[in-house]
file structure36.tsv (TSV, N, CA and C atoms)
chain	number	residue	atom	x	y	z
U	1009	MET	N	5.08	-3.82	31.27
U	1009	MET	CA	5.02	-4.23	29.88
U	1009	MET	C	3.71	-5.00	29.65
U	1010	VAL	N	3.12	-4.81	28.50
U	1010	VAL	CA	1.85	-5.44	28.16
U	1010	VAL	C	2.12	-6.85	27.64
U	1011	SER	N	1.43	-7.83	28.21
U	1011	SER	CA	1.60	-9.20	27.74
U	1011	SER	C	0.73	-9.44	26.51
U	1012	PHE	N	1.00	-10.54	25.83
U	1012	PHE	CA	0.26	-10.89	24.62
U	1012	PHE	C	-1.22	-11.10	24.94
U	1013	THR	N	-1.51	-11.74	26.08
U	1013	THR	CA	-2.90	-11.99	26.47
U	1013	THR	C	-3.63	-10.69	26.76
U	1014	SER	N	-2.97	-9.76	27.45
U	1014	SER	CA	-3.63	-8.48	27.73
U	1014	SER	C	-3.81	-7.66	26.46
U	1015	LEU	N	-2.90	-7.83	25.49
U	1015	LEU	CA	-3.06	-7.14	24.21
U	1015	LEU	C	-4.33	-7.63	23.51
U	1016	ILE	N	-4.55	-8.93	23.52
U	1016	ILE	CA	-5.77	-9.50	22.92
U	1016	ILE	C	-7.00	-9.02	23.68
U	1017	ASP	N	-6.91	-8.94	25.01
U	1017	ASP	CA	-8.04	-8.43	25.80
U	1017	ASP	C	-8.36	-6.98	25.44
U	1018	ILE	N	-7.34	-6.19	25.25
U	1018	ILE	CA	-7.54	-4.78	24.86
U	1018	ILE	C	-8.17	-4.72	23.47
U	1019	MET	N	-7.69	-5.56	22.55
U	1019	MET	CA	-8.24	-5.57	21.19
U	1019	MET	C	-9.71	-6.00	21.19
U	1020	ASN	N	-10.08	-6.92	22.07
U	1020	ASN	CA	-11.48	-7.34	22.17
U	1020	ASN	C	-12.33	-6.30	22.88
U	1021	ALA	N	-11.75	-5.58	23.84
U	1021	ALA	CA	-12.51	-4.56	24.58
U	1021	ALA	C	-12.78	-3.33	23.71
U	1022	TYR	N	-11.82	-2.96	22.88
U	1022	TYR	CA	-11.96	-1.79	22.01
U	1022	TYR	C	-11.68	-2.20	20.57
U	1023	PRO	N	-12.58	-2.95	19.96
U	1023	PRO	CA	-12.28	-3.53	18.65
U	1023	PRO	C	-12.07	-2.51	17.53
U	1024	LEU	N	-12.88	-1.47	17.47
U	1024	LEU	CA	-12.73	-0.51	16.38
U	1024	LEU	C	-11.43	0.27	16.51
U	1025	TYR	N	-11.14	0.74	17.73
U	1025	TYR	CA	-9.91	1.49	17.94
U	1025	TYR	C	-8.67	0.62	17.73
U	1026	SER	N	-8.76	-0.62	18.17
U	1026	SER	CA	-7.61	-1.51	17.99
U	1026	SER	C	-7.42	-1.87	16.51
U	1027	LEU	N	-8.52	-1.99	15.77
U	1027	LEU	CA	-8.41	-2.28	14.34
U	1027	LEU	C	-7.78	-1.10	13.59
U	1028	ILE	N	-8.20	0.10	13.94
U	1028	ILE	CA	-7.60	1.29	13.33
U	1028	ILE	C	-6.13	1.41	13.72
U	1029	GLY	N	-5.82	1.16	14.99
U	1029	GLY	CA	-4.43	1.19	15.44
U	1029	GLY	C	-3.59	0.15	14.73
U	1030	ALA	N	-4.15	-1.04	14.57
U	1030	ALA	CA	-3.44	-2.11	13.86
U	1030	ALA	C	-3.19	-1.71	12.41
U	1031	ALA	N	-4.18	-1.10	11.77
U	1031	ALA	CA	-4.01	-0.65	10.38
U	1031	ALA	C	-2.89	0.39	10.30
U	1032	LEU	N	-2.84	1.28	11.28
U	1032	LEU	CA	-1.78	2.29	11.30
U	1032	LEU	C	-0.40	1.64	11.45
U	1033	ILE	N	-0.29	0.72	12.38
U	1033	ILE	CA	1.00	0.06	12.63
U	1033	ILE	C	1.45	-0.76	11.41
U	1034	VAL	N	0.54	-1.53	10.85
U	1034	VAL	CA	0.88	-2.36	9.69
U	1034	VAL	C	1.27	-1.48	8.50
U	1035	ASN	N	0.55	-0.41	8.27
U	1035	ASN	CA	0.88	0.47	7.15
U	1035	ASN	C	2.18	1.21	7.37
U	1036	LEU	N	2.47	1.59	8.60
U	1036	LEU	CA	3.75	2.22	8.88
U	1036	LEU	C	4.88	1.24	8.57
U	1037	PHE	N	4.72	-0.02	8.95
U	1037	PHE	CA	5.69	-1.06	8.66
U	1037	PHE	C	5.89	-1.20	7.14
U	1038	ILE	N	4.82	-1.25	6.39
U	1038	ILE	CA	4.89	-1.41	4.94
U	1038	ILE	C	5.58	-0.22	4.28
U	1039	VAL	N	5.23	0.99	4.72
U	1039	VAL	CA	5.81	2.19	4.12
U	1039	VAL	C	7.30	2.29	4.45
U	1040	ILE	N	7.69	1.93	5.66
U	1040	ILE	CA	9.11	1.96	6.02
U	1040	ILE	C	9.90	0.94	5.20
U	1041	ILE	N	9.36	-0.26	5.07
U	1041	ILE	CA	10.03	-1.29	4.26
U	1041	ILE	C	10.14	-0.82	2.81
U	1042	THR	N	9.09	-0.20	2.29
U	1042	THR	CA	9.11	0.31	0.92
U	1042	THR	C	10.17	1.39	0.76
U	1043	LYS	N	10.27	2.27	1.73
U	1043	LYS	CA	11.26	3.35	1.65
U	1043	LYS	C	12.68	2.79	1.71
U	1044	ILE	N	12.90	1.80	2.55
U	1044	ILE	CA	14.24	1.23	2.70
U	1044	ILE	C	14.68	0.43	1.47
U	1045	PHE	N	13.77	-0.36	0.92
U	1045	PHE	CA	14.16	-1.32	-0.12
U	1045	PHE	C	13.86	-0.89	-1.55
U	1046	THR	N	13.50	0.37	-1.75
U	1046	THR	CA	13.33	0.85	-3.12
U	1046	THR	C	14.22	2.07	-3.33
U	1047	ASP	N	14.61	2.28	-4.56
U	1047	ASP	CA	15.37	3.46	-4.94
U	1047	ASP	C	14.34	4.59	-5.13
U	1048	GLN	N	14.22	5.43	-4.13
U	1048	GLN	CA	13.18	6.45	-4.15
U	1048	GLN	C	13.35	7.45	-5.29
U	1049	ALA	N	14.58	7.81	-5.59
U	1049	ALA	CA	14.80	8.76	-6.69
U	1049	ALA	C	14.34	8.16	-8.01
U	1050	LYS	N	14.67	6.89	-8.23
U	1050	LYS	CA	14.25	6.21	-9.46
U	1050	LYS	C	12.73	6.08	-9.53
U	1051	MET	N	12.10	5.74	-8.40
U	1051	MET	CA	10.64	5.60	-8.35
U	1051	MET	C	9.96	6.93	-8.68
U	1052	LYS	N	10.47	8.00	-8.10
U	1052	LYS	CA	9.88	9.32	-8.36
U	1052	LYS	C	10.06	9.72	-9.82
U	1053	GLU	N	11.22	9.39	-10.38
U	1053	GLU	CA	11.47	9.67	-11.78
U	1053	GLU	C	10.50	8.90	-12.68
U	1054	LEU	N	10.30	7.62	-12.38
U	1054	LEU	CA	9.38	6.80	-13.18
U	1054	LEU	C	7.94	7.29	-13.05
U	1055	LYS	N	7.54	7.69	-11.86
U	1055	LYS	CA	6.17	8.20	-11.68
U	1055	LYS	C	5.99	9.53	-12.41
U	1056	ALA	N	7.02	10.36	-12.41
U	1056	ALA	CA	6.94	11.62	-13.15
U	1056	ALA	C	6.79	11.36	-14.65
U	1057	LYS	N	7.53	10.35	-15.15
U	1057	LYS	CA	7.40	9.98	-16.56
U	1057	LYS	C	6.00	9.48	-16.87
U	1058	GLN	N	5.43	8.70	-15.96
U	1058	GLN	CA	4.06	8.20	-16.15
U	1058	GLN	C	3.08	9.37	-16.26
U	1059	LYS	N	3.26	10.37	-15.40
U	1059	LYS	CA	2.38	11.54	-15.47
U	1059	LYS	C	2.54	12.27	-16.81
U	1060	GLU	N	3.78	12.37	-17.26
U	1060	GLU	CA	4.03	13.03	-18.54
U	1060	GLU	C	3.39	12.25	-19.69
U	1061	TYR	N	3.48	10.92	-19.64
U	1061	TYR	CA	2.84	10.10	-20.66
U	1061	TYR	C	1.33	10.27	-20.65
U	1062	ASN	N	0.75	10.33	-19.46
U	1062	ASN	CA	-0.71	10.55	-19.36
U	1062	ASN	C	-1.09	11.89	-19.97
U	1063	LYS	N	-0.28	12.89	-19.72
U	1063	LYS	CA	-0.54	14.22	-20.28
U	1063	LYS	C	-0.46	14.17	-21.81
U	1064	GLN	N	0.56	13.45	-22.32
U	1064	GLN	CA	0.70	13.32	-23.77
U	1064	GLN	C	-0.46	12.53	-24.37
U	1065	LEU	N	-0.94	11.51	-23.68
U	1065	LEU	CA	-2.07	10.73	-24.19
U	1065	LEU	C	-3.31	11.61	-24.34
U	1066	LYS	N	-3.53	12.49	-23.38
U	1066	LYS	CA	-4.67	13.41	-23.48
U	1066	LYS	C	-4.48	14.39	-24.64
U	1067	GLU	N	-3.24	14.82	-24.83
U	1067	GLU	CA	-2.94	15.79	-25.88
U	1067	GLU	C	-3.10	15.19	-27.28
U	1068	PHE	N	-2.68	13.93	-27.45
U	1068	PHE	CA	-2.71	13.29	-28.75
U	1068	PHE	C	-3.81	12.23	-28.86
U	1069	LYS	N	-4.89	12.41	-28.16
U	1069	LYS	CA	-5.93	11.38	-28.14
U	1069	LYS	C	-6.58	11.14	-29.50
U	1070	HIS	N	-6.47	12.09	-30.42
U	1070	HIS	CA	-7.07	11.92	-31.75
U	1070	HIS	C	-6.09	11.32	-32.77
U	1071	ASP	N	-4.80	11.29	-32.41
U	1071	ASP	CA	-3.78	10.71	-33.30
U	1071	ASP	C	-3.49	9.29	-32.82
U	1072	VAL	N	-4.05	8.30	-33.53
U	1072	VAL	CA	-3.97	6.90	-33.10
U	1072	VAL	C	-2.53	6.40	-33.09
U	1073	ASN	N	-1.75	6.72	-34.10
U	1073	ASN	CA	-0.37	6.24	-34.17
U	1073	ASN	C	0.47	6.78	-33.02
U	1074	LYS	N	0.32	8.06	-32.75
U	1074	LYS	CA	1.07	8.69	-31.66
U	1074	LYS	C	0.62	8.11	-30.31
U	1075	THR	N	-0.67	7.86	-30.17
U	1075	THR	CA	-1.21	7.28	-28.93
U	1075	THR	C	-0.64	5.90	-28.70
U	1076	LEU	N	-0.57	5.08	-29.74
U	1076	LEU	CA	0.00	3.73	-29.61
U	1076	LEU	C	1.48	3.78	-29.24
U	1077	GLU	N	2.20	4.73	-29.82
U	1077	GLU	CA	3.62	4.88	-29.51
U	1077	GLU	C	3.81	5.28	-28.04
U	1078	ILE	N	3.00	6.20	-27.58
U	1078	ILE	CA	3.08	6.65	-26.18
U	1078	ILE	C	2.71	5.51	-25.24
U	1079	GLN	N	1.68	4.75	-25.60
U	1079	GLN	CA	1.27	3.63	-24.75
U	1079	GLN	C	2.36	2.56	-24.67
U	1080	LYS	N	3.08	2.34	-25.76
U	1080	LYS	CA	4.17	1.37	-25.76
U	1080	LYS	C	5.27	1.81	-24.80
U	1081	GLU	N	5.66	3.06	-24.88
U	1081	GLU	CA	6.67	3.60	-23.96
U	1081	GLU	C	6.16	3.55	-22.51
U	1082	MET	N	4.91	3.89	-22.34
U	1082	MET	CA	4.30	3.89	-21.01
U	1082	MET	C	4.33	2.48	-20.40
U	1083	MET	N	4.07	1.48	-21.22
U	1083	MET	CA	4.06	0.10	-20.75
U	1083	MET	C	5.44	-0.32	-20.26
U	1084	SER	N	6.48	0.05	-20.99
U	1084	SER	CA	7.83	-0.33	-20.57
U	1084	SER	C	8.19	0.33	-19.24
U	1085	HIS	N	7.79	1.58	-19.07
U	1085	HIS	CA	8.06	2.26	-17.80
U	1085	HIS	C	7.20	1.68	-16.67
U	1086	SER	N	6.00	1.26	-16.98
U	1086	SER	CA	5.14	0.63	-15.97
U	1086	SER	C	5.75	-0.68	-15.48
U	1087	MET	N	6.32	-1.45	-16.41
U	1087	MET	CA	6.95	-2.71	-16.03
U	1087	MET	C	8.17	-2.45	-15.13
U	1088	GLU	N	8.93	-1.43	-15.44
U	1088	GLU	CA	10.09	-1.09	-14.61
U	1088	GLU	C	9.65	-0.62	-13.23
U	1089	LEU	N	8.59	0.17	-13.17
U	1089	LEU	CA	8.05	0.63	-11.90
U	1089	LEU	C	7.57	-0.55	-11.06
U	1090	MET	N	6.93	-1.49	-11.70
U	1090	MET	CA	6.44	-2.68	-10.99
U	1090	MET	C	7.62	-3.53	-10.50
U	1091	ARG	N	8.65	-3.64	-11.29
U	1091	ARG	CA	9.83	-4.41	-10.90
U	1091	ARG	C	10.48	-3.82	-9.64
U	1092	HIS	N	10.53	-2.49	-9.57
U	1092	HIS	CA	11.11	-1.83	-8.39
U	1092	HIS	C	10.21	-2.00	-7.16
U	1093	SER	N	8.92	-2.11	-7.36
U	1093	SER	CA	7.98	-2.25	-6.24
U	1093	SER	C	7.89	-3.69	-5.73
U	1094	PHE	N	8.45	-4.63	-6.45
U	1094	PHE	CA	8.27	-6.05	-6.13
U	1094	PHE	C	9.06	-6.48	-4.89
U	1095	LYS	N	10.25	-5.94	-4.67
U	1095	LYS	CA	11.08	-6.35	-3.54
U	1095	LYS	C	10.40	-6.09	-2.20
U	1096	PRO	N	9.84	-4.90	-1.95
U	1096	PRO	CA	9.14	-4.70	-0.68
U	1096	PRO	C	7.93	-5.63	-0.53
U	1097	LEU	N	7.29	-5.95	-1.63
U	1097	LEU	CA	6.15	-6.87	-1.59
U	1097	LEU	C	6.60	-8.25	-1.10
U	1098	LEU	N	7.72	-8.73	-1.60
U	1098	LEU	CA	8.23	-10.02	-1.18
U	1098	LEU	C	8.59	-10.03	0.31
U	1099	ILE	N	9.13	-8.93	0.79
U	1099	ILE	CA	9.54	-8.84	2.20
U	1099	ILE	C	8.34	-8.80	3.13
U	1100	THR	N	7.29	-8.10	2.74
U	1100	THR	CA	6.14	-7.91	3.63
U	1100	THR	C	5.06	-8.97	3.48
U	1101	PHE	N	5.14	-9.80	2.45
U	1101	PHE	CA	4.05	-10.73	2.16
U	1101	PHE	C	3.79	-11.73	3.28
U	1102	LEU	N	4.79	-12.46	3.71
U	1102	LEU	CA	4.59	-13.48	4.74
U	1102	LEU	C	4.14	-12.88	6.08
U	1103	PRO	N	4.80	-11.82	6.57
U	1103	PRO	CA	4.29	-11.23	7.82
U	1103	PRO	C	2.83	-10.76	7.71
U	1104	LEU	N	2.45	-10.22	6.56
U	1104	LEU	CA	1.07	-9.76	6.40
U	1104	LEU	C	0.08	-10.92	6.40
U	1105	ILE	N	0.44	-12.02	5.79
U	1105	ILE	CA	-0.44	-13.20	5.80
U	1105	ILE	C	-0.65	-13.67	7.23
U	1106	LEU	N	0.41	-13.73	8.01
U	1106	LEU	CA	0.29	-14.15	9.40
U	1106	LEU	C	-0.54	-13.16	10.23
U	1107	ILE	N	-0.31	-11.87	10.02
U	1107	ILE	CA	-1.05	-10.85	10.76
U	1107	ILE	C	-2.53	-10.90	10.40
U	1108	PHE	N	-2.84	-11.07	9.12
U	1108	PHE	CA	-4.25	-11.12	8.72
U	1108	PHE	C	-4.94	-12.36	9.27
U	1109	GLY	N	-4.25	-13.47	9.38
U	1109	GLY	CA	-4.83	-14.65	10.01
U	1109	GLY	C	-5.15	-14.39	11.47
U	1110	TRP	N	-4.24	-13.71	12.15
U	1110	TRP	CA	-4.46	-13.36	13.55
U	1110	TRP	C	-5.63	-12.38	13.69
U	1111	PHE	N	-5.65	-11.34	12.84
U	1111	PHE	CA	-6.75	-10.37	12.87
U	1111	PHE	C	-8.09	-11.05	12.62
U	1112	SER	N	-8.11	-12.00	11.72
U	1112	SER	CA	-9.34	-12.71	11.40
U	1112	SER	C	-9.89	-13.42	12.63
U	1113	LYS	N	-9.01	-14.04	13.40
U	1113	LYS	CA	-9.45	-14.74	14.61
U	1113	LYS	C	-9.99	-13.78	15.67
U	1114	ILE	N	-9.44	-12.59	15.72
U	1114	ILE	CA	-9.88	-11.61	16.71
U	1114	ILE	C	-11.14	-10.88	16.27
U	1115	TYR	N	-11.17	-10.42	15.02
U	1115	TYR	CA	-12.25	-9.52	14.58
U	1115	TYR	C	-13.43	-10.22	13.91
U	1116	ASN	N	-13.27	-11.42	13.40
U	1116	ASN	CA	-14.41	-12.13	12.79
U	1116	ASN	C	-15.56	-12.34	13.77
U	1117	PRO	N	-15.30	-12.75	15.03
U	1117	PRO	CA	-16.42	-12.91	15.95
U	1117	PRO	C	-17.15	-11.60	16.26
U	1118	ILE	N	-16.44	-10.48	16.15
U	1118	ILE	CA	-17.04	-9.18	16.48
U	1118	ILE	C	-17.75	-8.57	15.28
U	1119	TYR	N	-17.05	-8.48	14.15
U	1119	TYR	CA	-17.57	-7.79	12.96
U	1119	TYR	C	-17.99	-8.73	11.84
U	1120	GLY	N	-17.73	-10.00	11.97
U	1120	GLY	CA	-17.94	-10.90	10.84
U	1120	GLY	C	-16.91	-10.59	9.77
U	1121	LYS	N	-17.26	-10.82	8.54
U	1121	LYS	CA	-16.32	-10.55	7.44
U	1121	LYS	C	-16.14	-9.05	7.18
U	1122	TRP	N	-16.92	-8.20	7.81
U	1122	TRP	CA	-16.86	-6.76	7.57
U	1122	TRP	C	-15.61	-6.12	8.15
U	1123	TRP	N	-14.90	-6.80	9.04
U	1123	TRP	CA	-13.71	-6.20	9.64
U	1123	TRP	C	-12.70	-5.82	8.57
U	1124	ILE	N	-12.64	-6.59	7.50
U	1124	ILE	CA	-11.67	-6.32	6.45
U	1124	ILE	C	-11.97	-4.98	5.76
U	1125	LEU	N	-13.24	-4.65	5.62
U	1125	LEU	CA	-13.62	-3.36	5.03
U	1125	LEU	C	-13.15	-2.20	5.91
U	1126	TYR	N	-13.38	-2.32	7.22
U	1126	TYR	CA	-12.92	-1.28	8.16
U	1126	TYR	C	-11.40	-1.16	8.10
U	1127	TYR	N	-10.72	-2.30	8.01
U	1127	TYR	CA	-9.26	-2.30	7.93
U	1127	TYR	C	-8.80	-1.60	6.65
U	1128	ILE	N	-9.43	-1.92	5.53
U	1128	ILE	CA	-9.03	-1.33	4.24
U	1128	ILE	C	-9.23	0.18	4.25
U	1129	ILE	N	-10.35	0.63	4.78
U	1129	ILE	CA	-10.61	2.08	4.84
U	1129	ILE	C	-9.55	2.77	5.68
U	1130	ALA	N	-9.27	2.23	6.87
U	1130	ALA	CA	-8.24	2.81	7.73
U	1130	ALA	C	-6.87	2.76	7.05
U	1131	SER	N	-6.60	1.67	6.34
U	1131	SER	CA	-5.30	1.50	5.67
U	1131	SER	C	-5.09	2.50	4.55
U	1132	ILE	N	-6.13	2.79	3.81
U	1132	ILE	CA	-6.01	3.76	2.72
U	1132	ILE	C	-5.58	5.11	3.26
U	1133	PHE	N	-6.28	5.57	4.31
U	1133	PHE	CA	-5.93	6.86	4.89
U	1133	PHE	C	-4.53	6.83	5.52
U	1134	ALA	N	-4.21	5.75	6.22
U	1134	ALA	CA	-2.90	5.64	6.86
U	1134	ALA	C	-1.78	5.63	5.82
U	1135	SER	N	-1.97	4.89	4.74
U	1135	SER	CA	-0.96	4.80	3.71
U	1135	SER	C	-0.71	6.16	3.06
U	1136	ILE	N	-1.77	6.88	2.76
U	1136	ILE	CA	-1.62	8.21	2.16
U	1136	ILE	C	-0.84	9.12	3.09
U	1137	ILE	N	-1.21	9.13	4.36
U	1137	ILE	CA	-0.55	10.01	5.33
U	1137	ILE	C	0.92	9.62	5.51
U	1138	PHE	N	1.20	8.34	5.73
U	1138	PHE	CA	2.58	7.91	5.95
U	1138	PHE	C	3.46	8.12	4.72
U	1139	ARG	N	2.91	7.92	3.54
U	1139	ARG	CA	3.70	8.13	2.33
U	1139	ARG	C	4.05	9.61	2.15
U	1140	LYS	N	3.12	10.49	2.50
U	1140	LYS	CA	3.39	11.94	2.41
U	1140	LYS	C	4.42	12.36	3.45
U	1141	VAL	N	4.21	11.91	4.71
U	1141	VAL	CA	5.09	12.31	5.80
U	1141	VAL	C	6.51	11.78	5.60
U	1142	LEU	N	6.63	10.53	5.18
U	1142	LEU	CA	7.95	9.90	5.01
U	1142	LEU	C	8.52	10.10	3.61
U	1143	ASP	N	7.80	10.81	2.76
U	1143	ASP	CA	8.23	11.13	1.40
U	1143	ASP	C	8.61	9.86	0.62
U	1144	VAL	N	7.65	8.95	0.53
U	1144	VAL	CA	7.85	7.69	-0.18
U	1144	VAL	C	7.13	7.77	-1.52
U	1145	ALA	N	7.84	7.39	-2.57
U	1145	ALA	CA	7.26	7.44	-3.92
U	1145	ALA	C	6.24	6.33	-4.10

call {"tool": "encode", "arguments": {"input": "structure36.tsv", "output": "structure tokens"}}
result
Amino acid sequence: MVSFTSLIDIMNAYPLYSLIGAALIVNLFIVIITKIFTDQAKMKELKAKQKEYNKQLKEFKHDVNKTLEIQKEMMSHSMELMRHSFKPLLITFLPLILIFGWFSKIYNPIYGKWWILYYIIASIFASIIFRKVLDVA
């Protein structure tokens, strides 16, 4: 079994690979929590409605009254979508703050403040892949 000290040694020996691996692990954790704690059917329904509203906005872009009406409906659905997304955020917030503090201590001496950019880039790709594979809205 790998000890905590040897894990840090590995992360320092292979900083880029360990940062990408960490981004993968953290994003997998976030996506799983999101899948467990959100009503996926409701989320997909709300996102489909948002797409329909966007399509209607393009269709009625010259009719100001109709556009305002669509935007009002869109806003209410956006608030509901945000409300459903809030529970996973609350669950993952504290662990992420602790993990980012730890990452900062490991990667700041190596990459300076740029480590966060590498993490974000890896996270974007990881999140897209995990959301597709796990079918998360």

call {"tool": "atom_distance", "arguments": {"input": "structure36.tsv", "atom1": "atom N of Ile1038 in chain U", "atom2": "atom N of Phe1111 in chain U"}}
result
15.9 Å

call {"tool": "residues_around", "arguments": {"input": "structure36.tsv", "residues": "Ile1044 in chain U", "least_positions_apart": "5", "cutoff": "10 Å", "atoms": "only C-alpha atoms", "output": "ChimeraX atom specification"}}
result
/U:1038-1039,1096,1144

call {"tool": "closest_residue", "arguments": {"input": "structure36.tsv", "among": "U:Gln1079, U:Ser1026, U:Thr1042, U:Ser1086", "to": "Lys1055 in chain U", "atoms": "only C-alpha atoms"}}
result
U:Ser1086

call {"tool": "atom_distance", "arguments": {"input": "structure36.tsv", "atom1": "atom C of Asp1071 in chain U", "atom2": "atom N of Arg1091 in chain U"}}
result
27.9 Å

call {"tool": "closest_residue", "arguments": {"input": "structure36.tsv", "among": "U:Leu1142, U:Leu1065, U:Ile1107, U:Ile1114", "to": "Leu1015 in chain U", "atoms": "only C-alpha atoms"}}
result
U:Ile1114

call {"tool": "atom_distance", "arguments": {"input": "structure36.tsv", "atom1": "CA of Ile1124 in chain U", "atom2": "CA of Pro1023 in chain U"}}
result
12.5 Å

call {"tool": "residues_near_point", "arguments": {"input": "structure36.tsv", "point": "(3.2, 4.2, -27.8)", "cutoff": "12 Å", "atoms": "only C-alpha atoms", "output": "PyMOL selection string"}}
result
chain U and resi 1061-1062+1064-1065+1068-1069+1071-1085

call {"tool": "write_last_selection", "arguments": {"input": "structure36.tsv", "atoms": "N, CA and C atoms", "output": "mmCIF file, in the coordinates of the input"}}
result
data_model
loop_
_atom_site.group_PDB
_atom_site.id
_atom_site.type_symbol
_atom_site.label_atom_id
_atom_site.label_comp_id
_atom_site.auth_asym_id
_atom_site.auth_seq_id
_atom_site.Cartn_x
_atom_site.Cartn_y
_atom_site.Cartn_z
ATOM 1 N N TYR U 1061 3.480 10.920 -19.640
ATOM 2 C CA TYR U 1061 2.840 10.100 -20.660
ATOM 3 C C TYR U 1061 1.330 10.270 -20.650
ATOM 4 N N ASN U 1062 0.750 10.330 -19.460
ATOM 5 C CA ASN U 1062 -0.710 10.550 -19.360
ATOM 6 C C ASN U 1062 -1.090 11.890 -19.970
ATOM 7 N N GLN U 1064 0.560 13.450 -22.320
ATOM 8 C CA GLN U 1064 0.700 13.320 -23.770
ATOM 9 C C GLN U 1064 -0.460 12.530 -24.370
ATOM 10 N N LEU U 1065 -0.940 11.510 -23.680
ATOM 11 C CA LEU U 1065 -2.070 10.730 -24.190
ATOM 12 C C LEU U 1065 -3.310 11.610 -24.340
ATOM 13 N N PHE U 1068 -2.680 13.930 -27.450
ATOM 14 C CA PHE U 1068 -2.710 13.290 -28.750
ATOM 15 C C PHE U 1068 -3.810 12.230 -28.860
ATOM 16 N N LYS U 1069 -4.890 12.410 -28.160
ATOM 17 C CA LYS U 1069 -5.930 11.380 -28.140
ATOM 18 C C LYS U 1069 -6.580 11.140 -29.500
ATOM 19 N N ASP U 1071 -4.800 11.290 -32.410
ATOM 20 C CA ASP U 1071 -3.780 10.710 -33.300
ATOM 21 C C ASP U 1071 -3.490 9.290 -32.820
ATOM 22 N N VAL U 1072 -4.050 8.300 -33.530
ATOM 23 C CA VAL U 1072 -3.970 6.900 -33.100
ATOM 24 C C VAL U 1072 -2.530 6.400 -33.090
ATOM 25 N N ASN U 1073 -1.750 6.720 -34.100
ATOM 26 C CA ASN U 1073 -0.370 6.240 -34.170
ATOM 27 C C ASN U 1073 0.470 6.780 -33.020
ATOM 28 N N LYS U 1074 0.320 8.060 -32.750
ATOM 29 C CA LYS U 1074 1.070 8.690 -31.660
ATOM 30 C C LYS U 1074 0.620 8.110 -30.310
ATOM 31 N N THR U 1075 -0.670 7.860 -30.170
ATOM 32 C CA THR U 1075 -1.210 7.280 -28.930
ATOM 33 C C THR U 1075 -0.640 5.900 -28.700
ATOM 34 N N LEU U 1076 -0.570 5.080 -29.740
ATOM 35 C CA LEU U 1076 0.000 3.730 -29.610
ATOM 36 C C LEU U 1076 1.480 3.780 -29.240
ATOM 37 N N GLU U 1077 2.200 4.730 -29.820
ATOM 38 C CA GLU U 1077 3.620 4.880 -29.510
ATOM 39 C C GLU U 1077 3.810 5.280 -28.040
ATOM 40 N N ILE U 1078 3.000 6.200 -27.580
ATOM 41 C CA ILE U 1078 3.080 6.650 -26.180
ATOM 42 C C ILE U 1078 2.710 5.510 -25.240
ATOM 43 N N GLN U 1079 1.680 4.750 -25.600
ATOM 44 C CA GLN U 1079 1.270 3.630 -24.750
ATOM 45 C C GLN U 1079 2.360 2.560 -24.670
ATOM 46 N N LYS U 1080 3.080 2.340 -25.760
ATOM 47 C CA LYS U 1080 4.170 1.370 -25.760
ATOM 48 C C LYS U 1080 5.270 1.810 -24.800
ATOM 49 N N GLU U 1081 5.660 3.060 -24.880
ATOM 50 C CA GLU U 1081 6.670 3.600 -23.960
ATOM 51 C C GLU U 1081 6.160 3.550 -22.510
ATOM 52 N N MET U 1082 4.910 3.890 -22.340
ATOM 53 C CA MET U 1082 4.300 3.890 -21.010
ATOM 54 C C MET U 1082 4.330 2.480 -20.400
ATOM 55 N N MET U 1083 4.070 1.480 -21.220
ATOM 56 C CA MET U 1083 4.060 0.100 -20.750
ATOM 57 C C MET U 1083 5.440 -0.320 -20.260
ATOM 58 N N SER U 1084 6.480 0.050 -20.990
ATOM 59 C CA SER U 1084 7.830 -0.330 -20.570
ATOM 60 C C SER U 1084 8.190 0.330 -19.240
ATOM 61 N N HIS U 1085 7.790 1.580 -19.070
ATOM 62 C CA HIS U 1085 8.060 2.260 -17.800
ATOM 63 C C HIS U 1085 7.200 1.680 -16.670
#

call {"tool": "axis_aligned_box", "arguments": {"input": "structure36.tsv", "around": "range 1129-1136 of chain U", "padding_each_side": "6 Å", "output": "AutoDock Vina command-line options"}}
result
--center_x -5.7 --center_y 4.9 --center_z 4.9 --size_x 21.9 --size_y 20.5 --size_z 17.6

call {"tool": "residues_around", "arguments": {"input": "structure36.tsv", "residues": "Leu1036 in chain U", "least_positions_apart": "4", "cutoff": "8 Å", "atoms": "all atoms listed in the file", "output": "mmCIF file with N, CA and C atoms, in the frame of the given file"}}
result
data_model
loop_
_atom_site.group_PDB
_atom_site.id
_atom_site.type_symbol
_atom_site.label_atom_id
_atom_site.label_comp_id
_atom_site.auth_asym_id
_atom_site.auth_seq_id
_atom_site.Cartn_x
_atom_site.Cartn_y
_atom_site.Cartn_z
ATOM 1 N N ALA U 1030 -4.150 -1.040 14.570
ATOM 2 C CA ALA U 1030 -3.440 -2.110 13.860
ATOM 3 C C ALA U 1030 -3.190 -1.710 12.410
ATOM 4 N N ALA U 1031 -4.180 -1.100 11.770
ATOM 5 C CA ALA U 1031 -4.010 -0.650 10.380
ATOM 6 C C ALA U 1031 -2.890 0.390 10.300
ATOM 7 N N LEU U 1032 -2.840 1.280 11.280
ATOM 8 C CA LEU U 1032 -1.780 2.290 11.300
ATOM 9 C C LEU U 1032 -0.400 1.640 11.450
ATOM 10 N N ILE U 1040 7.690 1.930 5.660
ATOM 11 C CA ILE U 1040 9.110 1.960 6.020
ATOM 12 C C ILE U 1040 9.900 0.940 5.200
ATOM 13 N N ILE U 1041 9.360 -0.260 5.070
ATOM 14 C CA ILE U 1041 10.030 -1.290 4.260
ATOM 15 C C ILE U 1041 10.140 -0.820 2.810
ATOM 16 N N THR U 1042 9.090 -0.200 2.290
ATOM 17 C CA THR U 1042 9.110 0.310 0.920
ATOM 18 C C THR U 1042 10.170 1.390 0.760
ATOM 19 N N ALA U 1134 -4.210 5.750 6.220
ATOM 20 C CA ALA U 1134 -2.900 5.640 6.860
ATOM 21 C C ALA U 1134 -1.780 5.630 5.820
ATOM 22 N N SER U 1135 -1.970 4.890 4.740
ATOM 23 C CA SER U 1135 -0.960 4.800 3.710
ATOM 24 C C SER U 1135 -0.710 6.160 3.060
ATOM 25 N N PHE U 1138 1.200 8.340 5.730
ATOM 26 C CA PHE U 1138 2.580 7.910 5.950
ATOM 27 C C PHE U 1138 3.460 8.120 4.720
ATOM 28 N N ARG U 1139 2.910 7.920 3.540
ATOM 29 C CA ARG U 1139 3.700 8.130 2.330
ATOM 30 C C ARG U 1139 4.050 9.610 2.150
#
